[in-house]
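Pasting upload-v2.cif here (mmCIF, C-alpha atoms and all ligand atoms):
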data_target
loop_
_atom_site.group_PDB
_atom_site.id
_atom_site.type_symbol
_atom_site.label_atom_id
_atom_site.label_comp_id
_atom_site.auth_asym_id
_atom_site.auth_seq_id
_atom_site.Cartn_x
_atom_site.Cartn_y
_atom_site.Cartn_z
ATOM 1 C CA MET A 86 35.534 -11.155 10.099
ATOM 2 C CA ASP A 87 38.611 -13.394 10.145
ATOM 3 C CA ALA A 88 41.491 -12.815 7.767
ATOM 4 C CA THR A 89 40.991 -16.278 6.230
ATOM 5 C CA ASN A 90 37.590 -15.115 4.876
ATOM 6 C CA GLY A 91 37.333 -15.365 1.071
ATOM 7 C CA LYS A 92 40.068 -17.978 0.794
ATOM 8 C CA TYR A 93 40.105 -21.444 -0.770
ATOM 9 C CA ALA A 94 41.255 -24.709 0.818
ATOM 10 C CA LEU A 95 41.744 -28.315 -0.249
ATOM 11 C CA ILE A 96 41.699 -30.821 2.621
ATOM 12 C CA THR A 97 42.384 -34.474 1.819
ATOM 13 C CA GLY A 98 40.333 -36.973 3.801
ATOM 14 C CA SER A 99 37.779 -34.349 4.846
ATOM 15 C CA SER A 100 34.786 -36.634 4.370
ATOM 16 C CA ARG A 101 35.046 -37.509 8.062
ATOM 17 C CA GLY A 102 37.171 -37.476 11.218
ATOM 18 C CA ILE A 103 39.850 -34.873 11.768
ATOM 19 C CA GLY A 104 39.748 -33.711 8.136
ATOM 20 C CA ARG A 105 36.073 -32.850 8.528
ATOM 21 C CA GLY A 106 36.852 -30.992 11.778
ATOM 22 C CA ILE A 107 39.407 -28.853 9.936
ATOM 23 C CA ALA A 108 36.996 -28.246 7.039
ATOM 24 C CA LEU A 109 34.219 -27.061 9.347
ATOM 25 C CA LYS A 110 36.464 -24.760 11.349
ATOM 26 C CA LEU A 111 37.836 -23.109 8.192
ATOM 27 C CA ALA A 112 34.301 -22.902 6.740
ATOM 28 C CA GLU A 113 33.230 -20.981 9.869
ATOM 29 C CA GLN A 114 35.859 -18.431 8.873
ATOM 30 C CA GLY A 115 34.439 -18.095 5.363
ATOM 31 C CA VAL A 116 36.937 -20.356 3.600
ATOM 32 C CA LYS A 117 35.546 -22.283 0.590
ATOM 33 C CA ILE A 118 36.441 -25.959 0.862
ATOM 34 C CA ALA A 119 37.362 -28.667 -1.641
ATOM 35 C CA ILE A 120 36.233 -31.717 0.326
ATOM 36 C CA HIS A 121 38.251 -34.739 -0.706
ATOM 37 C CA TYR A 122 37.177 -38.349 -0.121
ATOM 38 C CA TYR A 123 38.209 -41.799 -1.285
ATOM 39 C CA GLN A 124 35.196 -44.171 -1.095
ATOM 40 C CA ASN A 125 32.680 -42.577 1.231
ATOM 41 C CA GLU A 126 30.819 -40.131 -1.027
ATOM 42 C CA ALA A 127 27.866 -39.909 1.380
ATOM 43 C CA ALA A 128 30.163 -38.722 4.188
ATOM 44 C CA ALA A 129 31.771 -36.152 1.858
ATOM 45 C CA LYS A 130 28.323 -34.824 0.926
ATOM 46 C CA GLU A 131 27.487 -34.593 4.629
ATOM 47 C CA THR A 132 30.640 -32.515 5.207
ATOM 48 C CA LEU A 133 29.626 -30.249 2.304
ATOM 49 C CA ALA A 134 26.156 -29.791 3.816
ATOM 50 C CA LYS A 135 27.765 -28.837 7.138
ATOM 51 C CA VAL A 136 30.100 -26.412 5.320
ATOM 52 C CA ARG A 137 27.016 -24.781 3.739
ATOM 53 C CA ASP A 138 25.283 -24.644 7.156
ATOM 54 C CA ARG A 139 28.223 -22.440 8.156
ATOM 55 C CA ASP A 140 27.511 -19.998 5.306
ATOM 56 C CA SER A 141 30.421 -21.173 3.215
ATOM 57 C CA ASP A 142 30.534 -23.417 0.136
ATOM 58 C CA GLY A 143 32.728 -25.818 -1.802
ATOM 59 C CA PHE A 144 32.570 -29.093 -3.696
ATOM 60 C CA ILE A 145 33.463 -32.739 -3.205
ATOM 61 C CA VAL A 146 36.276 -34.475 -5.099
ATOM 62 C CA GLN A 147 37.235 -38.160 -5.159
ATOM 63 C CA ALA A 148 40.809 -39.476 -5.400
ATOM 64 C CA ASP A 149 43.007 -42.315 -4.183
ATOM 65 C CA VAL A 150 46.080 -40.613 -2.722
ATOM 66 C CA LEU A 151 48.080 -43.764 -3.506
ATOM 67 C CA ASP A 152 47.691 -42.964 -7.210
ATOM 68 C CA PRO A 153 49.809 -40.026 -8.482
ATOM 69 C CA GLY A 154 47.530 -39.612 -11.517
ATOM 70 C CA GLU A 155 44.483 -39.200 -9.275
ATOM 71 C CA ILE A 156 46.307 -36.630 -7.108
ATOM 72 C CA LYS A 157 46.998 -34.620 -10.279
ATOM 73 C CA LEU A 158 43.350 -34.855 -11.366
ATOM 74 C CA MET A 159 42.217 -33.729 -7.896
ATOM 75 C CA PHE A 160 44.286 -30.547 -8.231
ATOM 76 C CA GLU A 161 43.030 -30.001 -11.791
ATOM 77 C CA ARG A 162 39.509 -30.072 -10.418
ATOM 78 C CA VAL A 163 40.499 -27.532 -7.738
ATOM 79 C CA ARG A 164 41.942 -25.308 -10.450
ATOM 80 C CA SER A 165 38.765 -25.505 -12.542
ATOM 81 C CA GLU A 166 36.423 -24.910 -9.556
ATOM 82 C CA PHE A 167 38.393 -22.342 -7.532
ATOM 83 C CA GLY A 168 41.053 -21.057 -9.967
ATOM 84 C CA GLN A 169 43.437 -20.668 -7.018
ATOM 85 C CA LEU A 170 44.276 -22.150 -3.620
ATOM 86 C CA ASP A 171 45.277 -20.582 -0.295
ATOM 87 C CA ILE A 172 45.404 -23.623 2.005
ATOM 88 C CA PHE A 173 46.380 -27.241 1.321
ATOM 89 C CA VAL A 174 45.953 -29.777 4.145
ATOM 90 C CA SER A 175 47.326 -33.292 3.627
ATOM 91 C CA ASN A 176 45.310 -35.353 6.093
ATOM 92 C CA ALA A 177 44.109 -38.568 4.369
ATOM 93 C CA ARG A 178 45.294 -41.899 5.735
ATOM 94 C CA PRO A 179 44.335 -45.360 4.420
ATOM 95 C CA GLU A 180 42.275 -47.739 6.548
ATOM 96 C CA LEU A 181 44.165 -49.676 9.248
ATOM 97 C CA PRO A 182 43.796 -53.164 7.643
ATOM 98 C CA THR A 183 45.765 -51.982 4.604
ATOM 99 C CA PHE A 184 49.008 -51.448 6.576
ATOM 100 C CA PHE A 185 48.639 -52.385 10.278
ATOM 101 C CA GLN A 186 51.193 -55.221 10.667
ATOM 102 C CA PRO A 187 54.302 -55.649 12.870
ATOM 103 C CA PRO A 188 57.783 -55.313 11.349
ATOM 104 C CA MET A 189 58.445 -59.027 10.989
ATOM 105 C CA ASN A 190 55.147 -59.704 9.211
ATOM 106 C CA ILE A 191 54.343 -56.671 7.122
ATOM 107 C CA THR A 192 54.192 -57.258 3.362
ATOM 108 C CA LEU A 193 55.934 -54.921 0.949
ATOM 109 C CA GLU A 194 52.545 -53.964 -0.445
ATOM 110 C CA GLN A 195 51.341 -52.899 3.029
ATOM 111 C CA TRP A 196 54.616 -51.040 3.572
ATOM 112 C CA ASP A 197 54.223 -49.221 0.255
ATOM 113 C CA THR A 198 50.603 -48.340 1.047
ATOM 114 C CA ALA A 199 51.687 -46.520 4.199
ATOM 115 C CA GLN A 200 54.735 -44.843 2.640
ATOM 116 C CA ASN A 201 52.995 -43.744 -0.541
ATOM 117 C CA SER A 202 49.970 -42.373 1.329
ATOM 118 C CA GLN A 203 52.145 -40.001 3.372
ATOM 119 C CA GLY A 204 55.595 -39.025 2.048
ATOM 120 C CA LYS A 205 54.891 -39.574 -1.648
ATOM 121 C CA ALA A 206 51.338 -38.168 -1.584
ATOM 122 C CA PHE A 207 52.617 -35.114 0.317
ATOM 123 C CA LEU A 208 55.527 -34.631 -2.109
ATOM 124 C CA LEU A 209 53.173 -34.706 -5.081
ATOM 125 C CA GLY A 210 50.435 -32.738 -3.351
ATOM 126 C CA VAL A 211 52.711 -29.874 -2.315
ATOM 127 C CA ARG A 212 54.205 -29.617 -5.811
ATOM 128 C CA GLU A 213 50.709 -29.446 -7.311
ATOM 129 C CA ALA A 214 49.504 -27.002 -4.644
ATOM 130 C CA ASP A 215 52.517 -24.776 -5.289
ATOM 131 C CA ARG A 216 51.175 -23.928 -8.767
ATOM 132 C CA LEU A 217 47.937 -22.613 -7.238
ATOM 133 C CA LEU A 218 49.234 -20.959 -4.056
ATOM 134 C CA SER A 219 50.424 -17.390 -3.782
ATOM 135 C CA SER A 220 52.258 -15.457 -1.069
ATOM 136 C CA GLY A 221 50.590 -16.053 2.292
ATOM 137 C CA GLY A 222 49.698 -19.629 1.309
ATOM 138 C CA ARG A 223 49.505 -22.286 3.993
ATOM 139 C CA ILE A 224 50.394 -25.983 3.796
ATOM 140 C CA LEU A 225 49.637 -28.376 6.656
ATOM 141 C CA ALA A 226 50.465 -32.065 7.077
ATOM 142 C CA ILE A 227 48.496 -34.005 9.685
ATOM 143 C CA THR A 228 50.898 -36.361 11.390
ATOM 144 C CA TYR A 229 51.120 -38.529 14.480
ATOM 145 C CA GLY A 230 54.403 -37.378 15.957
ATOM 146 C CA THR A 231 54.417 -39.907 18.785
ATOM 147 C CA GLY A 232 54.336 -42.805 16.325
ATOM 148 C CA SER A 233 57.200 -41.340 14.327
ATOM 149 C CA ARG A 234 59.459 -41.208 17.418
ATOM 150 C CA THR A 235 58.571 -44.403 19.307
ATOM 151 C CA GLY A 236 58.572 -48.138 18.568
ATOM 152 C CA GLY A 237 56.099 -49.631 21.006
ATOM 153 C CA VAL A 238 52.962 -50.119 18.904
ATOM 154 C CA LEU A 239 54.549 -52.712 16.609
ATOM 155 C CA PRO A 240 51.877 -52.828 13.862
ATOM 156 C CA TRP A 241 52.278 -49.051 13.476
ATOM 157 C CA VAL A 242 55.793 -49.548 12.027
ATOM 158 C CA ALA A 243 54.886 -48.636 8.445
ATOM 159 C CA MET A 244 52.723 -45.615 9.302
ATOM 160 C CA GLY A 245 55.158 -44.414 11.989
ATOM 161 C CA SER A 246 57.968 -44.497 9.420
ATOM 162 C CA ALA A 247 55.737 -42.873 6.797
ATOM 163 C CA LYS A 248 54.753 -40.024 9.146
ATOM 164 C CA ALA A 249 58.432 -39.506 10.045
ATOM 165 C CA ALA A 250 59.223 -39.125 6.337
ATOM 166 C CA MET A 251 56.373 -36.662 5.919
ATOM 167 C CA GLU A 252 57.543 -34.598 8.925
ATOM 168 C CA SER A 253 60.996 -34.453 7.366
ATOM 169 C CA LEU A 254 59.492 -33.285 4.069
ATOM 170 C CA VAL A 255 57.644 -30.535 5.974
ATOM 171 C CA ARG A 256 61.001 -29.057 6.969
ATOM 172 C CA TYR A 257 62.480 -29.252 3.463
ATOM 173 C CA PHE A 258 59.375 -27.742 1.849
ATOM 174 C CA ALA A 259 59.296 -25.025 4.520
ATOM 175 C CA VAL A 260 62.721 -23.876 3.376
ATOM 176 C CA ALA A 261 61.941 -24.365 -0.317
ATOM 177 C CA LEU A 262 58.776 -22.237 -0.139
ATOM 178 C CA ALA A 263 59.851 -19.646 2.434
ATOM 179 C CA LYS A 264 60.901 -17.058 -0.169
ATOM 180 C CA ARG A 265 57.390 -17.209 -1.650
ATOM 181 C CA GLY A 266 55.847 -16.411 1.756
ATOM 182 C CA ILE A 267 54.249 -19.863 2.028
ATOM 183 C CA THR A 268 54.449 -21.683 5.367
ATOM 184 C CA VAL A 269 54.592 -25.467 5.751
ATOM 185 C CA ASN A 270 53.861 -27.073 9.122
ATOM 186 C CA ALA A 271 52.685 -30.361 10.619
ATOM 187 C CA VAL A 272 49.955 -30.722 13.237
ATOM 188 C CA SER A 273 50.209 -33.760 15.489
ATOM 189 C CA PRO A 274 46.932 -34.551 17.261
ATOM 190 C CA GLY A 275 46.706 -36.908 20.218
ATOM 191 C CA TRP A 276 43.938 -39.525 20.277
ATOM 192 C CA THR A 277 40.854 -37.869 18.858
ATOM 193 C CA GLU A 278 37.149 -38.739 19.161
ATOM 194 C CA ASP A 279 34.938 -39.229 16.060
ATOM 195 C CA SER A 280 37.834 -40.599 14.031
ATOM 196 C CA VAL A 281 39.621 -43.890 13.398
ATOM 197 C CA LEU A 282 39.405 -44.392 17.172
ATOM 198 C CA ASN A 283 35.695 -45.148 16.867
ATOM 199 C CA THR A 284 36.394 -48.017 14.437
ATOM 200 C CA LEU A 285 38.452 -49.920 17.056
ATOM 201 C CA PRO A 286 36.842 -52.721 19.123
ATOM 202 C CA PRO A 287 34.808 -51.129 21.983
ATOM 203 C CA GLN A 288 37.108 -52.636 24.614
ATOM 204 C CA ALA A 289 40.193 -51.044 22.997
ATOM 205 C CA GLN A 290 38.389 -47.696 22.792
ATOM 206 C CA GLU A 291 37.514 -47.818 26.476
ATOM 207 C CA LEU A 292 41.093 -48.748 27.457
ATOM 208 C CA ILE A 293 42.427 -45.792 25.470
ATOM 209 C CA ARG A 294 39.820 -43.337 26.824
ATOM 210 C CA GLY A 295 40.400 -44.532 30.398
ATOM 211 C CA TRP A 296 44.184 -44.213 30.086
ATOM 212 C CA HIS A 297 43.896 -40.605 28.927
ATOM 213 C CA THR A 298 41.103 -39.416 31.201
ATOM 214 C CA ARG A 299 42.875 -40.980 34.220
ATOM 215 C CA GLY A 300 46.001 -38.933 33.597
ATOM 216 C CA TRP A 301 48.042 -39.654 30.466
ATOM 217 C CA THR A 302 46.519 -36.561 28.876
ATOM 218 C CA PRO A 303 46.998 -33.837 31.525
ATOM 219 C CA MET A 304 43.841 -32.061 30.317
ATOM 220 C CA GLY A 305 41.895 -35.214 31.225
ATOM 221 C CA ARG A 306 40.064 -35.917 27.974
ATOM 222 C CA LEU A 307 40.633 -36.983 24.381
ATOM 223 C CA GLY A 308 40.748 -34.387 21.631
ATOM 224 C CA THR A 309 37.954 -33.667 19.170
ATOM 225 C CA PRO A 310 38.096 -32.917 15.427
ATOM 226 C CA ALA A 311 37.083 -29.354 16.367
ATOM 227 C CA ASP A 312 40.147 -29.043 18.662
ATOM 228 C CA VAL A 313 42.407 -29.979 15.759
ATOM 229 C CA GLY A 314 40.414 -27.726 13.432
ATOM 230 C CA ASN A 315 41.071 -24.795 15.762
ATOM 231 C CA VAL A 316 44.821 -25.412 15.655
ATOM 232 C CA ALA A 317 44.766 -25.732 11.862
ATOM 233 C CA ALA A 318 42.826 -22.454 11.620
ATOM 234 C CA LEU A 319 45.400 -20.730 13.856
ATOM 235 C CA LEU A 320 48.248 -21.913 11.630
ATOM 236 C CA CYS A 321 46.323 -20.740 8.554
ATOM 237 C CA SER A 322 45.868 -17.243 9.949
ATOM 238 C CA LYS A 323 47.884 -14.291 8.669
ATOM 239 C CA GLU A 324 49.368 -13.906 12.142
ATOM 240 C CA ALA A 325 50.995 -17.378 11.935
ATOM 241 C CA GLY A 326 53.126 -16.296 8.965
ATOM 242 C CA TRP A 327 56.394 -16.498 10.927
ATOM 243 C CA ILE A 328 55.889 -20.147 11.974
ATOM 244 C CA THR A 329 57.207 -22.639 9.433
ATOM 245 C CA GLY A 330 58.747 -26.113 9.337
ATOM 246 C CA GLN A 331 57.367 -27.065 12.755
ATOM 247 C CA VAL A 332 55.551 -30.084 14.148
ATOM 248 C CA ILE A 333 52.894 -28.633 16.478
ATOM 249 C CA PHE A 334 51.571 -31.131 19.027
ATOM 250 C CA ALA A 335 47.858 -30.521 19.619
ATOM 251 C CA ASP A 336 47.194 -33.151 22.270
ATOM 252 C CA GLY A 337 46.133 -31.627 25.601
ATOM 253 C CA GLY A 338 49.685 -32.154 26.871
ATOM 254 C CA SER A 339 49.964 -35.951 26.455
ATOM 255 C CA SER A 340 53.306 -35.664 24.621
ATOM 256 C CA LEU A 341 54.729 -33.926 27.720
ATOM 257 C CA MET A 342 54.312 -36.970 29.937
ATOM 258 C CA ASN A 343 57.366 -38.974 31.006
ATOM 259 C CA VAL A 344 57.054 -42.624 29.937
ATOM 260 C CA GLU A 345 59.327 -43.781 32.778
ATOM 261 C CA VAL A 346 57.075 -42.523 35.574
ATOM 262 C CA PRO A 347 53.442 -43.608 36.203
ATOM 263 C CA PRO A 348 50.960 -40.769 35.547
ATOM 264 C CA GLU A 349 49.665 -40.965 39.156
ATOM 265 C CA ILE A 350 53.131 -39.929 40.414
ATOM 266 C CA GLN A 351 53.744 -37.317 37.699
ATOM 267 C CA LEU A 352 50.432 -35.585 38.296
ATOM 268 C CA GLY A 353 51.029 -35.530 42.059
HETATM 269 N N1 LIG B 401 42.321 -40.214 14.907
HETATM 270 C C1 LIG B 401 43.307 -39.934 15.705
HETATM 271 O O1 LIG B 401 43.198 -40.081 16.937
HETATM 272 C C2 LIG B 401 44.591 -39.380 15.129
HETATM 273 C C3 LIG B 401 45.665 -39.053 15.988
HETATM 274 C C4 LIG B 401 46.832 -38.540 15.422
HETATM 275 C C5 LIG B 401 46.920 -38.317 14.063
HETATM 276 N N2 LIG B 401 45.853 -38.642 13.250
HETATM 277 C C6 LIG B 401 45.989 -38.389 11.800
HETATM 278 O O2 LIG B 401 44.891 -37.589 11.377
HETATM 279 C C7 LIG B 401 44.537 -37.931 10.025
HETATM 280 C C8 LIG B 401 43.046 -38.235 9.972
HETATM 281 O O3 LIG B 401 42.778 -39.327 10.817
HETATM 282 P P1 LIG B 401 41.269 -39.760 11.157
HETATM 283 O O4 LIG B 401 41.357 -40.789 12.220
HETATM 284 O O5 LIG B 401 40.462 -38.540 11.357
HETATM 285 O O6 LIG B 401 40.852 -40.436 9.761
HETATM 286 P P2 LIG B 401 39.574 -41.362 9.443
HETATM 287 O O7 LIG B 401 38.400 -40.941 10.253
HETATM 288 O O8 LIG B 401 40.037 -42.787 9.501
HETATM 289 O O9 LIG B 401 39.309 -40.954 7.910
HETATM 290 C C9 LIG B 401 40.256 -41.268 6.937
HETATM 291 C C10 LIG B 401 40.102 -40.317 5.781
HETATM 292 O O10 LIG B 401 41.061 -40.641 4.756
HETATM 293 C C11 LIG B 401 40.386 -40.976 3.549
HETATM 294 N N3 LIG B 401 41.101 -42.070 2.864
HETATM 295 C C12 LIG B 401 41.224 -43.357 3.257
HETATM 296 N N4 LIG B 401 41.973 -44.053 2.356
HETATM 297 C C13 LIG B 401 42.288 -43.184 1.370
HETATM 298 C C14 LIG B 401 43.000 -43.297 0.133
HETATM 299 N N5 LIG B 401 43.575 -44.445 -0.264
HETATM 300 N N6 LIG B 401 43.099 -42.191 -0.646
HETATM 301 C C15 LIG B 401 42.543 -41.032 -0.265
HETATM 302 N N7 LIG B 401 41.867 -40.846 0.882
HETATM 303 C C16 LIG B 401 41.744 -41.923 1.682
HETATM 304 C C17 LIG B 401 38.982 -41.390 3.963
HETATM 305 O O11 LIG B 401 38.069 -41.199 2.877
HETATM 306 P P3 LIG B 401 36.636 -41.990 2.846
HETATM 307 O O12 LIG B 401 35.788 -41.360 3.920
HETATM 308 O O13 LIG B 401 36.124 -41.753 1.470
HETATM 309 O O14 LIG B 401 36.933 -43.427 3.116
HETATM 310 C C18 LIG B 401 38.715 -40.430 5.129
HETATM 311 O O15 LIG B 401 38.351 -39.168 4.661
HETATM 312 C C19 LIG B 401 45.434 -39.096 9.619
HETATM 313 O O16 LIG B 401 46.517 -38.623 8.870
HETATM 314 C C20 LIG B 401 45.904 -39.652 10.954
HETATM 315 O O17 LIG B 401 47.132 -40.325 10.866
HETATM 316 C C21 LIG B 401 44.710 -39.175 13.752
#
Turn this file's structure into structure tokens for me.
Amino acid sequence: MDATNGKYALITGSSRGIGRGIALKLAEQGVKIAIHYYQNEAAAKETLAKVRDRDSDGFIVQADVLDPGEIKLMFERVRSEFGQLDIFVSNARPELPTFFQPPMNITLEQWDTAQNSQGKAFLLGVREADRLLSSGGRILAITYGTGSRTGGVLPWVAMGSAKAAMESLVRYFAVALAKRGITVNAVSPGWTEDSVLNTLPPQAQELIRGWHTRGWTPMGRLGTPADVGNVAALLCSKEAGWITGQVIFADGGSSLMNVEVPPEIQLG
């Protein structure tokens, strides 16, 4: 039996996509899961059913992570259901149309949506989680580390900046919580199946899949929510207690590629 057995986790945005992948992987290890959703209650219930199929349990909880009051209520619910928390994963991200605009066009409202959903929601979430976590606690932020370091996908400007702020917060919280034995890390997936990717126009999806399978991801495929769930579970293990304040790229090697050289030449 894994050391995470008997623990309690809250995962924002675990109704679907990567959040669900993390929930299911932790559930396989006996962790009870607070499954958070925003609008898609049916998907959250489906995640809960899958958690129960894995001999674990939990409950679903609704909240808009853009609203500080709702974040507080979400944690109050966790306190009343679980009484404690061992793992907090900040994974939720608003839908693309609410923020996906290039720098010269983006409205302040769209900018704020991206910023508040990441840095501010993480700031509030970690402070709430801190009251419920004890030594050995684990905090994870799900980021997109490529977007926080590059400038090429122009409409990603707000979310790239927001993820960069969240990654910075990860380091500050890692230091702030180190004495309590709580680790704080970010996981940065590459393009992942069964996620926001599948909401893109089919032609865009095929271009992205082709680019990665042809070489941009050295492992020759896109990731899956289960791949990211495995990495989250590793970081939540007792053995990962000496890793804190890091951004772990879980992307089949795509972040290792050199943008100045075509993949055909790099891969030989
Ligand atoms: N997909 C990728 O390839 C990829 C790559 C790198 C990083 N990431 C990161 O991984 C995380 C998950 O991405 P994903 O593609 O798996 O997500 P997704 O499938 O698009 O699902 C988004 C999740 O966030 C929730 N959500 C949306 N707006 C919200 C709001 N205002 N308040 C609270 N929750 C809200 C949704 O709840 P409902 O179901 O109720 O709508 C859903 O659970 C994100 O942080 C993303 O940046 C993804």
When you draw a straight line from atom CA of A:Gly275 to atom CA of A:Gly237, how long is it in Å?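 Spanning atom CA of A:Gly275 to atom CA of A:Gly237 is a straight-line distance of 15.8 Å.
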Taking all atoms of ligand LIG 401 (chain B) that the file lists, what box with edges along x, y and z, padded by 8 Å per side, do you get, with centre and edge lengths in Å to one decimal, as AutoDock Vina command-line options?
--center_x 41.5 --center_y -41.0 --center_z 8.1 --size_x 27.3 --size_y 22.9 --size_z 33.6
What's the separation between atom CA of A:Tyr123 and atom C16 of ligand LIG 401 (chain B), in Å to one decimal place?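 Computed distance, atom CA of A:Tyr123 to atom C16 of ligand LIG 401 (chain B), equals 4.6 Å.
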With distances taken over only C-alpha atoms, which of A:Gly330, A:Pro240, A:Pro287, A:Gly91 is nearest to A:Ala271?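 Among A:Gly330, A:Pro240, A:Pro287, A:Gly91, it is A:Gly330 that comes nearest to A:Ala271.
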If the limit is 7 Å from any atom of ligand LIG 401 (chain B), counting all atoms listed in the file, which residues qualify? Return them as a PDB file with C-alpha atoms, keeping the file's coordinate frame.
ATOM      1  CA  THR A  97      42.384 -34.474   1.819  1.00  0.00           C
ATOM      2  CA  GLY A  98      40.333 -36.973   3.801  1.00  0.00           C
ATOM      3  CA  SER A  99      37.779 -34.349   4.846  1.00  0.00           C
ATOM      4  CA  SER A 100      34.786 -36.634   4.370  1.00  0.00           C
ATOM      5  CA  ARG A 101      35.046 -37.509   8.062  1.00  0.00           C
ATOM      6  CA  GLY A 102      37.171 -37.476  11.218  1.00  0.00           C
ATOM      7  CA  ILE A 103      39.850 -34.873  11.768  1.00  0.00           C
ATOM      8  CA  GLY A 104      39.748 -33.711   8.136  1.00  0.00           C
ATOM      9  CA  HIS A 121      38.251 -34.739  -0.706  1.00  0.00           C
ATOM     10  CA  TYR A 122      37.177 -38.349  -0.121  1.00  0.00           C
ATOM     11  CA  TYR A 123      38.209 -41.799  -1.285  1.00  0.00           C
ATOM     12  CA  GLN A 124      35.196 -44.171  -1.095  1.00  0.00           C
ATOM     13  CA  ASN A 125      32.680 -42.577   1.231  1.00  0.00           C
ATOM     14  CA  GLU A 126      30.819 -40.131  -1.027  1.00  0.00           C
ATOM     15  CA  ALA A 128      30.163 -38.722   4.188  1.00  0.00           C
ATOM     16  CA  ALA A 129      31.771 -36.152   1.858  1.00  0.00           C
ATOM     17  CA  ALA A 148      40.809 -39.476  -5.400  1.00  0.00           C
ATOM     18  CA  ASP A 149      43.007 -42.315  -4.183  1.00  0.00           C
ATOM     19  CA  VAL A 150      46.080 -40.613  -2.722  1.00  0.00           C
ATOM     20  CA  LEU A 151      48.080 -43.764  -3.506  1.00  0.00           C
ATOM     21  CA  ASN A 176      45.310 -35.353   6.093  1.00  0.00           C
ATOM     22  CA  ALA A 177      44.109 -38.568   4.369  1.00  0.00           C
ATOM     23  CA  ARG A 178      45.294 -41.899   5.735  1.00  0.00           C
ATOM     24  CA  PRO A 179      44.335 -45.360   4.420  1.00  0.00           C
ATOM     25  CA  GLU A 180      42.275 -47.739   6.548  1.00  0.00           C
ATOM     26  CA  SER A 202      49.970 -42.373   1.329  1.00  0.00           C
ATOM     27  CA  ILE A 227      48.496 -34.005   9.685  1.00  0.00           C
ATOM     28  CA  THR A 228      50.898 -36.361  11.390  1.00  0.00           C
ATOM     29  CA  TYR A 229      51.120 -38.529  14.480  1.00  0.00           C
ATOM     30  CA  SER A 273      50.209 -33.760  15.489  1.00  0.00           C
ATOM     31  CA  PRO A 274      46.932 -34.551  17.261  1.00  0.00           C
ATOM     32  CA  GLY A 275      46.706 -36.908  20.218  1.00  0.00           C
ATOM     33  CA  TRP A 276      43.938 -39.525  20.277  1.00  0.00           C
ATOM     34  CA  THR A 277      40.854 -37.869  18.858  1.00  0.00           C
ATOM     35  CA  GLU A 278      37.149 -38.739  19.161  1.00  0.00           C
ATOM     36  CA  ASP A 279      34.938 -39.229  16.060  1.00  0.00           C
ATOM     37  CA  SER A 280      37.834 -40.599  14.031  1.00  0.00           C
ATOM     38  CA  VAL A 281      39.621 -43.890  13.398  1.00  0.00           C
ATOM     39  CA  LEU A 282      39.405 -44.392  17.172  1.00  0.00           C
TER      40      LEU A 282
END
Which residue of A:Asp197, A:Glu155, A:Glu131, A:Glu291 approaches A:Val242 most closely, using only C-alpha atoms: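 Nearest to A:Val242: A:Asp197.
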Separation of atom CA of A:Lys248 and atom CA of A:Lys205, in Å? 10.8 Å
Could you spell out the hits of the PyMOL selection byres (((chain A and resi 263) around 12) and not hetatm) on the shown file, as a PyMOL selection string? chain A and resi 215+219-224+255-262+264-270+326-330
I'd like the neighbourhood of A:Leu111 as a PyMOL selection string, where a residue qualifies if any of its atoms comes within 12 Å (using all atoms listed in the file), though same-chain residues fewer than 4 positions away should be ignored. chain A and resi 87-96+99+104-107+115-120+135-137+139-143+171-174+311+313-322
Same residues, C-alpha atoms, output as a CSV table (one decimal), keeping the file's coordinate frame:
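Listed below is the output, out-v7.csv:
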chain,number,residue,atom,x,y,z
A,87,ASP,CA,38.6,-13.4,10.1
A,88,ALA,CA,41.5,-12.8,7.8
A,89,THR,CA,41.0,-16.3,6.2
A,90,ASN,CA,37.6,-15.1,4.9
A,91,GLY,CA,37.3,-15.4,1.1
A,92,LYS,CA,40.1,-18.0,0.8
A,93,TYR,CA,40.1,-21.4,-0.8
A,94,ALA,CA,41.3,-24.7,0.8
A,95,LEU,CA,41.7,-28.3,-0.2
A,96,ILE,CA,41.7,-30.8,2.6
A,99,SER,CA,37.8,-34.3,4.8
A,104,GLY,CA,39.7,-33.7,8.1
A,105,ARG,CA,36.1,-32.8,8.5
A,106,GLY,CA,36.9,-31.0,11.8
A,107,ILE,CA,39.4,-28.9,9.9
A,115,GLY,CA,34.4,-18.1,5.4
A,116,VAL,CA,36.9,-20.4,3.6
A,117,LYS,CA,35.5,-22.3,0.6
A,118,ILE,CA,36.4,-26.0,0.9
A,119,ALA,CA,37.4,-28.7,-1.6
A,120,ILE,CA,36.2,-31.7,0.3
A,135,LYS,CA,27.8,-28.8,7.1
A,136,VAL,CA,30.1,-26.4,5.3
A,137,ARG,CA,27.0,-24.8,3.7
A,139,ARG,CA,28.2,-22.4,8.2
A,140,ASP,CA,27.5,-20.0,5.3
A,141,SER,CA,30.4,-21.2,3.2
A,142,ASP,CA,30.5,-23.4,0.1
A,143,GLY,CA,32.7,-25.8,-1.8
A,171,ASP,CA,45.3,-20.6,-0.3
A,172,ILE,CA,45.4,-23.6,2.0
A,173,PHE,CA,46.4,-27.2,1.3
A,174,VAL,CA,46.0,-29.8,4.1
A,311,ALA,CA,37.1,-29.4,16.4
A,313,VAL,CA,42.4,-30.0,15.8
A,314,GLY,CA,40.4,-27.7,13.4
A,315,ASN,CA,41.1,-24.8,15.8
A,316,VAL,CA,44.8,-25.4,15.7
A,317,ALA,CA,44.8,-25.7,11.9
A,318,ALA,CA,42.8,-22.5,11.6
A,319,LEU,CA,45.4,-20.7,13.9
A,320,LEU,CA,48.2,-21.9,11.6
A,321,CYS,CA,46.3,-20.7,8.6
A,322,SER,CA,45.9,-17.2,9.9
Every residue with an atom at most 6 Å from (50.5, -52.8, 4.8) (file coordinates; all atoms listed in the file) is what I'm after, so could you write them as a list in words?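 Protein and nucleic acid residues near the point are Thr183, Phe184, Phe185, Ile191, Thr192, Glu194, Gln195, Trp196 and Thr198 of chain A.
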